[in-house]
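Q: This one is target_37.pdb, PDB, C-alpha atoms.
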```pdb
MODEL        1
ATOM      1  CA  MET W  14     -19.523  71.229 125.213
ATOM      2  CA  ILE W  15     -22.135  68.739 126.389
ATOM      3  CA  ASN W  16     -22.330  65.526 124.373
ATOM      4  CA  GLU W  17     -25.336  65.605 122.005
ATOM      5  CA  ASP W  18     -26.788  62.329 123.302
ATOM      6  CA  ILE W  19     -26.412  63.331 126.967
ATOM      7  CA  SER W  20     -28.015  66.678 126.129
ATOM      8  CA  TYR W  21     -30.920  64.790 124.537
ATOM      9  CA  LEU W  22     -31.472  62.717 127.715
ATOM     10  CA  LEU W  23     -31.546  65.793 129.951
ATOM     11  CA  ARG W  24     -33.872  67.710 127.630
ATOM     12  CA  LEU W  25     -36.154  64.660 127.372
ATOM     13  CA  GLN W  26     -36.528  64.653 131.160
ATOM     14  CA  ASP W  27     -37.195  68.402 131.069
ATOM     15  CA  LEU W  28     -39.828  67.862 128.373
ATOM     16  CA  THR W  29     -41.763  65.072 130.102
ATOM     17  CA  GLY W  30     -41.843  66.941 133.403
ATOM     18  CA  TYR W  31     -40.556  65.882 136.779
ATOM     19  CA  GLY W  32     -43.913  64.724 138.123
ATOM     20  CA  VAL W  33     -43.910  61.886 135.590
ATOM     21  CA  GLU W  34     -40.317  60.999 136.493
ATOM     22  CA  LEU W  35     -41.022  60.855 140.241
ATOM     23  CA  SER W  36     -44.209  58.816 139.788
ATOM     24  CA  VAL W  37     -42.591  56.271 137.455
ATOM     25  CA  GLU W  38     -39.520  55.979 139.685
ATOM     26  CA  LYS W  39     -41.711  55.321 142.743
ATOM     27  CA  ASN W  40     -43.695  52.597 140.959
ATOM     28  CA  PHE W  41     -40.581  50.946 139.513
ATOM     29  CA  ALA W  42     -38.765  51.013 142.858
ATOM     30  CA  SER W  43     -41.754  49.324 144.498
ATOM     31  CA  ALA W  44     -42.108  46.629 141.817
ATOM     32  CA  PHE W  45     -38.423  46.096 140.941
ATOM     33  CA  PRO W  46     -36.245  47.280 143.858
ATOM     34  CA  ASP W  47     -33.094  45.548 142.557
ATOM     35  CA  ARG W  48     -33.569  46.986 139.066
ATOM     36  CA  THR W  49     -34.185  50.624 140.010
ATOM     37  CA  PHE W  50     -31.632  53.270 140.911
ATOM     38  CA  ARG W  51     -33.086  55.887 143.254
ATOM     39  CA  SER W  52     -31.538  59.303 142.733
ATOM     40  CA  PRO W  53     -32.593  62.334 144.789
ATOM     41  CA  LEU W  54     -31.657  64.729 141.970
ATOM     42  CA  VAL W  55     -35.148  65.275 140.538
ATOM     43  CA  GLU W  56     -36.577  65.869 144.022
ATOM     44  CA  LEU W  57     -33.871  68.480 144.590
ATOM     45  CA  LEU W  58     -34.752  70.140 141.274
ATOM     46  CA  VAL W  59     -38.441  70.250 142.222
ATOM     47  CA  LYS W  60     -37.652  71.700 145.666
ATOM     48  CA  SER W  61     -35.705  74.475 143.956
ATOM     49  CA  GLY W  62     -38.837  75.425 141.974
ATOM     50  CA  ARG W  63     -37.955  73.659 138.740
ATOM     51  CA  ASN W  64     -40.304  71.565 136.633
ATOM     52  CA  GLY W  65     -38.482  71.333 133.321
ATOM     53  CA  LYS W  66     -39.964  72.895 130.220
ATOM     54  CA  ASN W  67     -43.338  73.266 131.955
ATOM     55  CA  ASN W  68     -42.128  76.304 133.882
ATOM     56  CA  GLY W  69     -39.058  77.150 131.806
ATOM     57  CA  LYS W  70     -36.526  75.886 134.361
ATOM     58  CA  GLY W  71     -34.869  72.481 134.439
ATOM     59  CA  TYR W  72     -31.435  71.225 133.504
ATOM     60  CA  TYR W  73     -31.913  73.826 130.776
ATOM     61  CA  THR W  74     -33.634  77.200 130.772
ATOM     62  CA  TYR W  75     -36.396  77.750 128.250
ATOM     63  CA  ALA W  76     -37.293  81.197 126.947
ATOM     64  CA  LYS W  77     -39.870  81.817 124.234
ATOM     65  CA  GLY W  78     -38.252  82.278 120.843
ATOM     66  CA  SER W  79     -34.802  81.044 121.865
ATOM     67  CA  LYS W  80     -33.022  77.711 122.081
ATOM     68  CA  PRO W  81     -32.751  75.853 125.420
ATOM     69  CA  LYS W  82     -29.594  76.796 127.339
ATOM     70  CA  PRO W  83     -27.789  74.605 129.921
ATOM     71  CA  ASP W  84     -28.292  76.075 133.397
ATOM     72  CA  PRO W  85     -25.041  76.009 135.429
ATOM     73  CA  SER W  86     -26.966  76.685 138.657
ATOM     74  CA  VAL W  87     -28.068  73.007 138.525
ATOM     75  CA  LEU W  88     -24.477  71.852 139.181
ATOM     76  CA  PRO W  89     -24.573  72.363 142.991
ATOM     77  CA  MET W  90     -27.759  70.249 143.104
ATOM     78  CA  MET W  91     -26.004  67.503 141.135
ATOM     79  CA  GLU W  92     -23.160  67.627 143.660
ATOM     80  CA  GLU W  93     -25.608  67.393 146.576
ATOM     81  CA  SER W  94     -27.356  64.463 144.870
ATOM     82  CA  ARG W  95     -24.034  62.636 144.553
ATOM     83  CA  LYS W  96     -23.338  63.093 148.259
ATOM     84  CA  LEU W  97     -26.826  61.902 149.258
ATOM     85  CA  THR W  98     -26.639  58.844 146.992
ATOM     86  CA  ASN W  99     -23.241  57.867 148.440
ATOM     87  CA  VAL W 100     -22.355  55.238 145.822
ATOM     88  CA  MET W 101     -19.020  56.645 144.671
ATOM     89  CA  PRO W 102     -15.932  54.524 145.460
ATOM     90  CA  ASN W 103     -14.321  55.948 148.647
ATOM     91  CA  GLY W 104     -16.964  58.678 148.552
ATOM     92  CA  LYS W 105     -15.189  60.533 145.738
ATOM     93  CA  PRO W 106     -16.643  61.472 142.313
ATOM     94  CA  ILE W 107     -15.289  59.438 139.423
ATOM     95  CA  SER W 108     -13.667  60.906 136.341
ATOM     96  CA  ALA W 109     -15.686  59.869 133.270
ATOM     97  CA  SER W 110     -15.745  60.905 129.634
ATOM     98  CA  ASP W 111     -18.973  61.902 127.867
ATOM     99  CA  LYS W 112     -18.961  58.457 126.241
ATOM    100  CA  GLU W 113     -18.695  56.693 129.604
ATOM    101  CA  ILE W 114     -21.460  58.841 131.114
ATOM    102  CA  LEU W 115     -23.729  58.022 128.176
ATOM    103  CA  GLU W 116     -22.998  54.302 128.531
ATOM    104  CA  MET W 117     -23.642  54.344 132.288
ATOM    105  CA  ILE W 118     -27.072  55.862 131.564
ATOM    106  CA  LEU W 119     -28.071  53.754 128.556
ATOM    107  CA  PHE W 120     -26.495  50.335 129.168
ATOM    108  CA  PRO W 121     -28.927  49.690 132.059
ATOM    109  CA  VAL W 122     -31.737  50.518 129.574
ATOM    110  CA  VAL W 123     -30.306  47.898 127.203
ATOM    111  CA  ASN W 124     -30.110  45.472 130.129
ATOM    112  CA  GLU W 125     -33.752  46.119 131.000
ATOM    113  CA  ALA W 126     -34.708  45.650 127.332
ATOM    114  CA  CYS W 127     -33.098  42.196 127.519
ATOM    115  CA  ARG W 128     -35.097  41.371 130.652
ATOM    116  CA  ILE W 129     -38.338  42.513 129.010
ATOM    117  CA  LEU W 130     -37.575  40.304 126.023
ATOM    118  CA  ASP W 131     -36.613  37.358 128.224
ATOM    119  CA  GLU W 132     -39.822  37.710 130.253
ATOM    120  CA  GLY W 133     -41.986  37.605 127.120
ATOM    121  CA  VAL W 134     -43.348  41.157 127.519
ATOM    122  CA  VAL W 135     -42.495  41.706 123.837
ATOM    123  CA  LEU W 136     -41.983  39.130 121.093
ATOM    124  CA  ARG W 137     -39.026  40.555 119.172
ATOM    125  CA  ALA W 138     -36.090  42.887 119.783
ATOM    126  CA  SER W 139     -37.342  45.064 116.914
ATOM    127  CA  ASP W 140     -40.491  45.758 118.962
ATOM    128  CA  LEU W 141     -38.273  47.395 121.558
ATOM    129  CA  ASP W 142     -36.446  49.412 118.892
ATOM    130  CA  ILE W 143     -39.739  50.833 117.634
ATOM    131  CA  ALA W 144     -40.996  51.475 121.182
ATOM    132  CA  SER W 145     -37.766  53.234 122.176
ATOM    133  CA  VAL W 146     -37.932  55.592 119.182
ATOM    134  CA  LEU W 147     -41.673  56.324 119.320
ATOM    135  CA  GLY W 148     -42.227  55.982 123.069
ATOM    136  CA  MET W 149     -39.100  57.431 124.684
ATOM    137  CA  SER W 150     -37.817  59.543 121.783
ATOM    138  CA  PHE W 151     -34.623  57.519 121.443
ATOM    139  CA  PRO W 152     -32.720  59.138 118.532
ATOM    140  CA  SER W 153     -34.038  57.499 115.376
ATOM    141  CA  TYR W 154     -30.648  57.827 113.659
ATOM    142  CA  HIS W 155     -29.387  55.209 116.152
ATOM    143  CA  GLY W 156     -32.073  52.777 114.955
ATOM    144  CA  GLY W 157     -33.541  51.987 118.393
ATOM    145  CA  ILE W 158     -32.116  50.904 121.740
ATOM    146  CA  VAL W 159     -31.341  47.272 120.804
ATOM    147  CA  PHE W 160     -30.052  48.135 117.333
ATOM    148  CA  TRP W 161     -27.750  50.718 118.944
ATOM    149  CA  ALA W 162     -26.543  48.164 121.524
ATOM    150  CA  ASP W 163     -25.598  45.764 118.722
ATOM    151  CA  LYS W 164     -23.606  48.550 117.018
ATOM    152  CA  VAL W 165     -21.820  49.300 120.290
ATOM    153  CA  GLY W 166     -21.263  45.570 120.838
ATOM    154  CA  PRO W 167     -23.153  43.290 123.259
ATOM    155  CA  SER W 168     -19.882  42.065 124.784
ATOM    156  CA  HIS W 169     -18.869  45.664 125.581
ATOM    157  CA  VAL W 170     -22.284  46.284 127.162
ATOM    158  CA  TYR W 171     -21.970  43.073 129.200
ATOM    159  CA  GLU W 172     -18.388  43.640 130.380
ATOM    160  CA  SER W 173     -19.169  47.252 131.327
ATOM    161  CA  LEU W 174     -22.217  46.225 133.355
ATOM    162  CA  LYS W 175     -20.178  43.534 135.114
ATOM    163  CA  LYS W 176     -17.479  46.036 136.014
ATOM    164  CA  TRP W 177     -20.016  48.573 137.326
ATOM    165  CA  THR W 178     -21.770  45.870 139.347
ATOM    166  CA  ASN W 179     -18.526  45.259 141.230
ATOM    167  CA  LEU W 180     -17.981  48.994 141.714
ATOM    168  CA  TYR W 181     -21.498  50.317 142.358
ATOM    169  CA  GLY W 182     -23.826  47.434 143.206
ATOM    170  CA  SER W 183     -26.512  45.134 141.816
ATOM    171  CA  PHE W 184     -28.374  47.808 139.817
ATOM    172  CA  TYR W 185     -25.908  47.146 136.989
ATOM    173  CA  LYS W 186     -26.040  43.334 137.186
ATOM    174  CA  PRO W 187     -26.223  41.919 133.616
ATOM    175  CA  SER W 188     -29.448  40.098 132.736
ATOM    176  CA  GLY W 189     -29.487  36.395 131.928
ATOM    177  CA  LEU W 190     -30.400  36.957 128.279
ATOM    178  CA  LEU W 191     -27.570  39.442 127.761
ATOM    179  CA  GLU W 192     -25.084  37.057 129.345
ATOM    180  CA  ASP W 193     -26.365  34.176 127.199
ATOM    181  CA  ARG W 194     -26.179  36.146 123.916
ATOM    182  CA  VAL W 195     -22.613  37.248 124.668
ATOM    183  CA  ALA W 196     -21.531  33.723 125.663
ATOM    184  CA  LYS W 197     -22.841  32.467 122.302
ATOM    185  CA  SER W 198     -21.417  35.442 120.339
ATOM    186  CA  LEU W 199     -24.923  36.348 119.142
ATOM    187  CA  THR W 200     -26.451  39.759 118.538
ATOM    188  CA  LEU W 201     -29.300  41.094 120.662
ATOM    189  CA  GLY W 202     -31.316  42.090 117.606
ATOM    190  CA  LYS W 203     -31.914  38.469 116.612
ATOM    191  CA  ALA W 204     -33.188  37.546 120.072
ATOM    192  CA  THR W 205     -36.824  36.518 120.456
ATOM    193  CA  SER W 206     -38.794  35.862 123.610
ATOM    194  CA  THR W 207     -39.590  32.334 124.739
ATOM    195  CA  LEU W 208     -43.242  33.141 124.001
ATOM    196  CA  SER W 209     -42.373  34.025 120.408
ATOM    197  CA  ALA W 210     -40.335  30.819 120.025
ATOM    198  CA  THR W 211     -43.259  28.760 121.341
ATOM    199  CA  MET W 212     -45.751  30.455 119.000
ATOM    200  CA  SER W 213     -43.500  29.866 115.985
ATOM    201  CA  ARG W 214     -43.626  26.132 116.662
ATOM    202  CA  LEU W 215     -47.435  26.029 116.771
TER
ENDMDL
END
```
Rewrite the coordinates I just gave you, this time as structure tokens.
A:
Amino acid sequence: MINEDISYLLRLQDLTGYGVELSVEKNFASAFPDRTFRSPLVELLVKSGRNGKNNGKGYYTYAKGSKPKPDPSVLPMMEESRKLTNVMPNGKPISASDKEILEMILFPVVNEACRILDEGVVLRASDLDIASVLGMSFPSYHGGIVFWADKVGPSHVYESLKKWTNLYGSFYKPSGLLEDRVAKSLTLGKATSTLSATMSRL
């Protein structure tokens, strides 16, 4: 059975539509090439005539009056995407638990949240928690992306990202703020941007 949180991520992508995903990915890759992972999977889904919930076919199938159902015919496209991406060690798929898959998807989001905070785009970590729940439908029972990361443990997030950087490349490279908080044994939730620190002294 698919992990509930992984299921949520796939259904969220189905809900927003693949046009949004492709447009955002293109813009991010142009602005932040080292911070964006380009996967051909969504393009393969679109080429197969899928557009998520908009046309009833995505990672899930959507029929009026019934619950979304995982579509096993997507699996060959996932396999093709893996081959095209060519980032697996020795070219072979890795064996990963649901928990590890979830972490490999969401820890880079935590890492990016740290960068956003460090760059002064937001003032407080709690701003990112609210934005993640209201803006990207992060499960509210987890309290927000940064709150969740603190429950998981910043050191675990950091060590995992470091390990994946060595295995898969710079996309997973831990941010400076994350590294600093872990080195000082501090939580991410108490972090404030340099802009916020400056304003508090005024």
Q: List the spatial neighbours of Arg63 of chain W as an mmCIF file with C-alpha atoms, in the frame of the given file - criterion: any atom at most 12 Å away, all atoms listed in the file, same-chain residues fewer than 3 positions off excluded.
A:
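Contents of around.cif, freshly written:
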```cif
data_model
loop_
_atom_site.group_PDB
_atom_site.id
_atom_site.type_symbol
_atom_site.label_atom_id
_atom_site.label_comp_id
_atom_site.auth_asym_id
_atom_site.auth_seq_id
_atom_site.Cartn_x
_atom_site.Cartn_y
_atom_site.Cartn_z
ATOM 1 C CA GLN W 26 -36.528 64.653 131.160
ATOM 2 C CA ASP W 27 -37.195 68.402 131.069
ATOM 3 C CA GLY W 30 -41.843 66.941 133.403
ATOM 4 C CA TYR W 31 -40.556 65.882 136.779
ATOM 5 C CA GLY W 32 -43.913 64.724 138.123
ATOM 6 C CA LEU W 54 -31.657 64.729 141.970
ATOM 7 C CA VAL W 55 -35.148 65.275 140.538
ATOM 8 C CA GLU W 56 -36.577 65.869 144.022
ATOM 9 C CA LEU W 57 -33.871 68.480 144.590
ATOM 10 C CA LEU W 58 -34.752 70.140 141.274
ATOM 11 C CA VAL W 59 -38.441 70.250 142.222
ATOM 12 C CA LYS W 60 -37.652 71.700 145.666
ATOM 13 C CA LYS W 66 -39.964 72.895 130.220
ATOM 14 C CA ASN W 67 -43.338 73.266 131.955
ATOM 15 C CA ASN W 68 -42.128 76.304 133.882
ATOM 16 C CA GLY W 69 -39.058 77.150 131.806
ATOM 17 C CA LYS W 70 -36.526 75.886 134.361
ATOM 18 C CA GLY W 71 -34.869 72.481 134.439
ATOM 19 C CA TYR W 72 -31.435 71.225 133.504
ATOM 20 C CA TYR W 73 -31.913 73.826 130.776
ATOM 21 C CA THR W 74 -33.634 77.200 130.772
ATOM 22 C CA TYR W 75 -36.396 77.750 128.250
ATOM 23 C CA ASP W 84 -28.292 76.075 133.397
ATOM 24 C CA SER W 86 -26.966 76.685 138.657
ATOM 25 C CA VAL W 87 -28.068 73.007 138.525
ATOM 26 C CA MET W 90 -27.759 70.249 143.104
#
```
Q: Do you know which residues are at most 12 Å from His169 of chain W counting all atoms listed in the file, after dropping those on the same chain fewer than 4 positions away, and could you put them as a PyMOL selection string?
A: chain W and resi 113+116-117+120+123+162-165+173-176+187+191-192+195+198+200
Q: Ranking W:Tyr181, W:Lys39, W:Lys203, W:Ser145 by minimum distance to Leu119 of chain W and counting all atoms listed in the file, which one comes first?
A: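 Looking at the shortest contact to Leu119 of chain W, the residue is W:Ser145.
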Q: Given the file shown, enumerate the residues that the PyMOL selection byres ((chain W and resi 95-100) around 12) captures and present them as a list of chain:residue names.
A: W:Phe50, W:Arg51, W:Ser52, W:Pro53, W:Leu54, W:Glu56, W:Leu57, W:Leu88, W:Pro89, W:Met90, W:Met91, W:Glu92, W:Glu93, W:Ser94, W:Met101, W:Pro102, W:Asn103, W:Gly104, W:Lys105, W:Pro106, W:Ile107, W:Trp177, W:Thr178, W:Asn179, W:Leu180, W:Tyr181, W:Gly182, W:Ser183, W:Phe184
Q: Could you jot down the atom CA of Val159 of chain W to atom CA of Ser36 of chain W separation for me, Å, one decimal place?
A: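 According to the coordinates, atom CA of Val159 of chain W and atom CA of Ser36 of chain W are separated by 25.7 Å.
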Q: Just to confirm, what's the straight-line distance from atom CA of Glu17 of chain W to atom CA of Ile158 of chain W in Å (one decimal)?
A: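 So the answer is 16.2 Å.
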Q: Nearest to Arg24 of chain W: which of W:Ala138, W:Ala109, W:Ser150, W:Val170 is it, counting all atoms listed in the file?
A: W:Ser150
Q: Check what the PyMOL selection byres ((chain W and resi 47) around 10) selects in the file above and give those residues as a PyMOL selection string.
A: chain W and resi 41-46+48-50+182-186
Q: Go through W:Asp131, W:Asp140, W:Asp111, W:Glu125 one by one, measure the shortest atom-to-atom distance of each to Gly157 of chain W using all atoms listed in the file, and give the residue with the smallest value.
A: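 Of W:Asp131, W:Asp140, W:Asp111, W:Glu125, the one nearest Gly157 of chain W is W:Asp140, counting all atoms listed in the file.
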Q: If we draw a sphere of 6 Å around (-38.9, 46.5, 126.8), which residues have at least one atom in it when counting only C-alpha atoms? Please report them as number ranges by chain.
A: W: 126, 129, 141
